[in-house]
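The next block holds one structure in the form of structure tokens; read it before the comments.
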Amino acid sequence: MRPDHPKPFYYLDNFRLLLDWVAERYADLLDDAERDFLSRFPALPLPAQALLVRMVMRKGELFRVGKLVYSEIGPTPAALAPLVEAGWVEAEPALPLDALFGLLTRPEIDAAFAASQPRPQERKAELLARLLPQFEAPQTFAQWCPGLADAACRLAIRPLCDRLRLIFFGNLQQDWSEFVLADLGIFQYEQVPFSAESRGFRSRADLDFYLQLHDCRRRLDEGEAADRVGEVVLALHSEQDWLARRRAKLLYALAQQHERQQCFDLALALYRQCAYPGARARQIRVLERQEAFDTAQALASLAWAEPESEAERQQLARMLPRLCRRLGLPPPARPGLPAIPEQLLRLPRPQDGYPVEFAVRDHLHTAEAPVRYVENTLLNSLFGLLCWPAVFAALPGAFFHPFHQGPADLLSPDFHARRRDLFDASLAELDDGRYRATIARRFDEKQGLQSPFVAWQVLDAELLQLALHCIPADHLAYFFRRILDDIRSNRAGLPDLVRFLPAEARYELIEVKGPGDRLQDNQLRWLHGCLERGIPVGVCYVEWDTPMRGMPAQDAP
């Protein structure tokens with residue numbers, strides 16, 4: 001039991017909540033084994049229920065019985081027996097050598113295999129590799145380690161419990177810790193009403209599709225050949241938009257893997273079947289590397305006429321002139337970009353690990369012109385507070401459990417369109433001045449609630465007051481609309497520092513670049529967009545006036 005938790009069976013209460021939620025809202029999606037588990041689990045003795053949940057909430061399937069000791073549960077063998085009888089836990093499974101190594105400490109391994117003369121300098125992985133050819137047959141824990149008064153067991157229903165967790169959360173990234181963190185008040189969530197349509201999965205086919213994609217991603221991450229994984233992914237299809245986007249993202253990753261391995265035909269075939277943002281630009285790049293300049297230029301010209309995003313247009317602005325030169329064609333006309341104001345600072349080298357952004361902040365900060373390090377946090381937070389009702393609107397498919405940081409469709413192409421009226425109503429407050437009171441009120445009312453935009457760890461009352469006083473409403477309107485135009489790309493890339501001049505009710509945004517650093521594409525897009533609208537922004541390049549230890553000093557330019 002956690003010493004800071006007031007209820008000894010808090011984890012069991014959380015597990016029961018999840019089971020009740022799934023039974024009430026997803027009964028039509030469950031298979032026979034899942035229904036059987038939901039009906040039989042409540043009939044178990046309390047210690048058996050608690051022990052099963054303890055095992056479910058730990059990692060892996062294999063456990064040493066001697067390590068499953070919990071004061072609120074009591075004797076482990078008695079709690080374990082009903083679980084073994086139910087078939088949910090396997091007693092004394094046969095363990096291959098690598099599984100055994102995962103259960104033993106290094107001294108225990110040395111004792112169990114003393115006859116094989118473990119070497120003190122030999123790492124655990126090296127010892128395992130040396131012993132594997134000698135011990136190929138699996139054995140029980142007692143057979144492997146007769147000198148240890150212990151046993152092993154296997155949680156046989158791990159996949160079933162993972163499926164129930166997936167049904168509840170709609171993803172496998174969130175886990176049981178969400179309940180505990182919420183119980184302790186570490187994470188707090190906006191309370192959104194749930195309708196009967198508020199479900200992440202509409203059918204068993206949706207659930208199976210997700211699990212198949214997840215398995216393919218695992219196989220790719222573990223090094224399986226991209227062409228073998230790709231065959232499986234290409235055979236999968238879903239009518240659900242969010243699942244189709246997950247498939248497109250995995251196809252994009254597979255295509256990138258082929259491209260890195262210079263398997264250009266395979267990469268091109270996947271990019272052509274992939275609707276993930278950036279896939280078309282990668283097609284052009286692969287065609288260029290194949291020296292198929294005519295095809296690359298034709299596709300680039302089509303994209304230039306109707307770019308999918310600012311990011312793609314920026315990439316095309318680099319690729320098209322190069323392709324046109326290859327073919328002896330005139331490059332496309334493109335508008336000139338404003339010059340980015342720059343300044344060079346030569347500063348004393350800070351202590352190791354002190355960020356260059358902090359060094360510039362400290363150098364520029366004065367009482368009359370305070371400087372804050374905000375990067376992507378401030379403007380996103382102001383946007384999130386003003387547009388809170390739109391972001392947390394209880395639309396079908398947006399929220400389907402109590403632990404959402406934000407809507408599930410946040411990065412979908414129709415996120416804005418589905419909430420257009422709500423966003424328009426919030427942004428209209430910038431026109432009549434109401435936004436200041438609204439943002440300040442929500443800062444108090446929503447304090448600490450999870451949000452995909454609001455960075456509570458950065459946004460304090462002083463920063464909020466300075467921002468609302470110094471940043472004009474028309475500038476905020478540009479920032480907010482640009483974030484909304486492409487949330488995936490435009491939540492990032494904002495300048496590192498903001499300098500406020502309260503006496504003049506104005507501000508400056510400053511991007512900081514240390515020695516050898518350069519502007520990234522998303523930063524360039526933000527800088528040019530701001531300058532085109534008269535928003536004060538610039539780049540501060542930093543050089544150190546003392547060399548790194550062991551390096552010769554460089555002459556100043």
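Ligands are numbered from 1 in the order shown, residues from 1 within each chain, and chains are lettered A, B, ... in the order they appear in the structure tokens.
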
Counting only C-alpha atoms, what is within 10 Å of range 177-184 of chain A, bar same-chain residues fewer than 2 positions away, as a ChimeraX atom specification? /A:2,4-6,10-11,13-15,17-18,57,174-175,186-189,402-404

Which residues come within 12 Å of Ala333 in chain A, counting only C-alpha atoms, excluding same-chain residues fewer than 5 positions away, as a ChimeraX atom specification? /A:301,304-305,317,320-321,324

Shell of 12 Å around Leu127 in chain A, only C-alpha atoms, local chain residues under 3 positions omitted, as a PyMOL selection string: chain A and resi 97-98+101+106+109-110+113-114+116-124+130-134

Per DSSP on the backbone, what are the alpha helix (DSSP H) residues of range 187-343 of chain A, as a PyMOL selection string? chain A and resi 204-221+226-234+241-260+264-272+279-289+293-305+310-327

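Compared by their closest atoms to Thr546 in chain A, and using only C-alpha atoms, the residues A:Pro350, A:Gly448, A:Pro138, A:Pro8 rank with A:Pro350 nearest.
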
Determine, for each residue of range 294-374 of chain A having at least one atom at most 12 Å from an atom of range 479-486 of chain A, the closest pair of atoms and their separation in Å to one decimal, counting only C-alpha atoms; order by chain and ascending number, as JSON lines.
```
{"residue": "A:Glu308", "atom": "CA", "partner": "A:Asp486", "partner_atom": "CA", "distance": 10.3}
{"residue": "A:Ser309", "atom": "CA", "partner": "A:Asp486", "partner_atom": "CA", "distance": 7.8}
{"residue": "A:Glu310", "atom": "CA", "partner": "A:Asp486", "partner_atom": "CA", "distance": 8.8}
{"residue": "A:Ala311", "atom": "CA", "partner": "A:Asp486", "partner_atom": "CA", "distance": 9.8}
```

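Closest approach to Glu462 in chain A among A:Pro146, A:Pro332, A:Ala303, A:Val371 is made by A:Val371 (distances from only C-alpha atoms).
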
Give me, as a count of residues only, all polymer residues having an atom no more than 10 Å from Ile157 in chain A, counting only C-alpha atoms and skipping those fewer than 5 positions away in the same chain. 12

Work out how far CA of Arg285 in chain A is from CA of Leu236 in chain A, in Å to one decimal. 26.8 Å
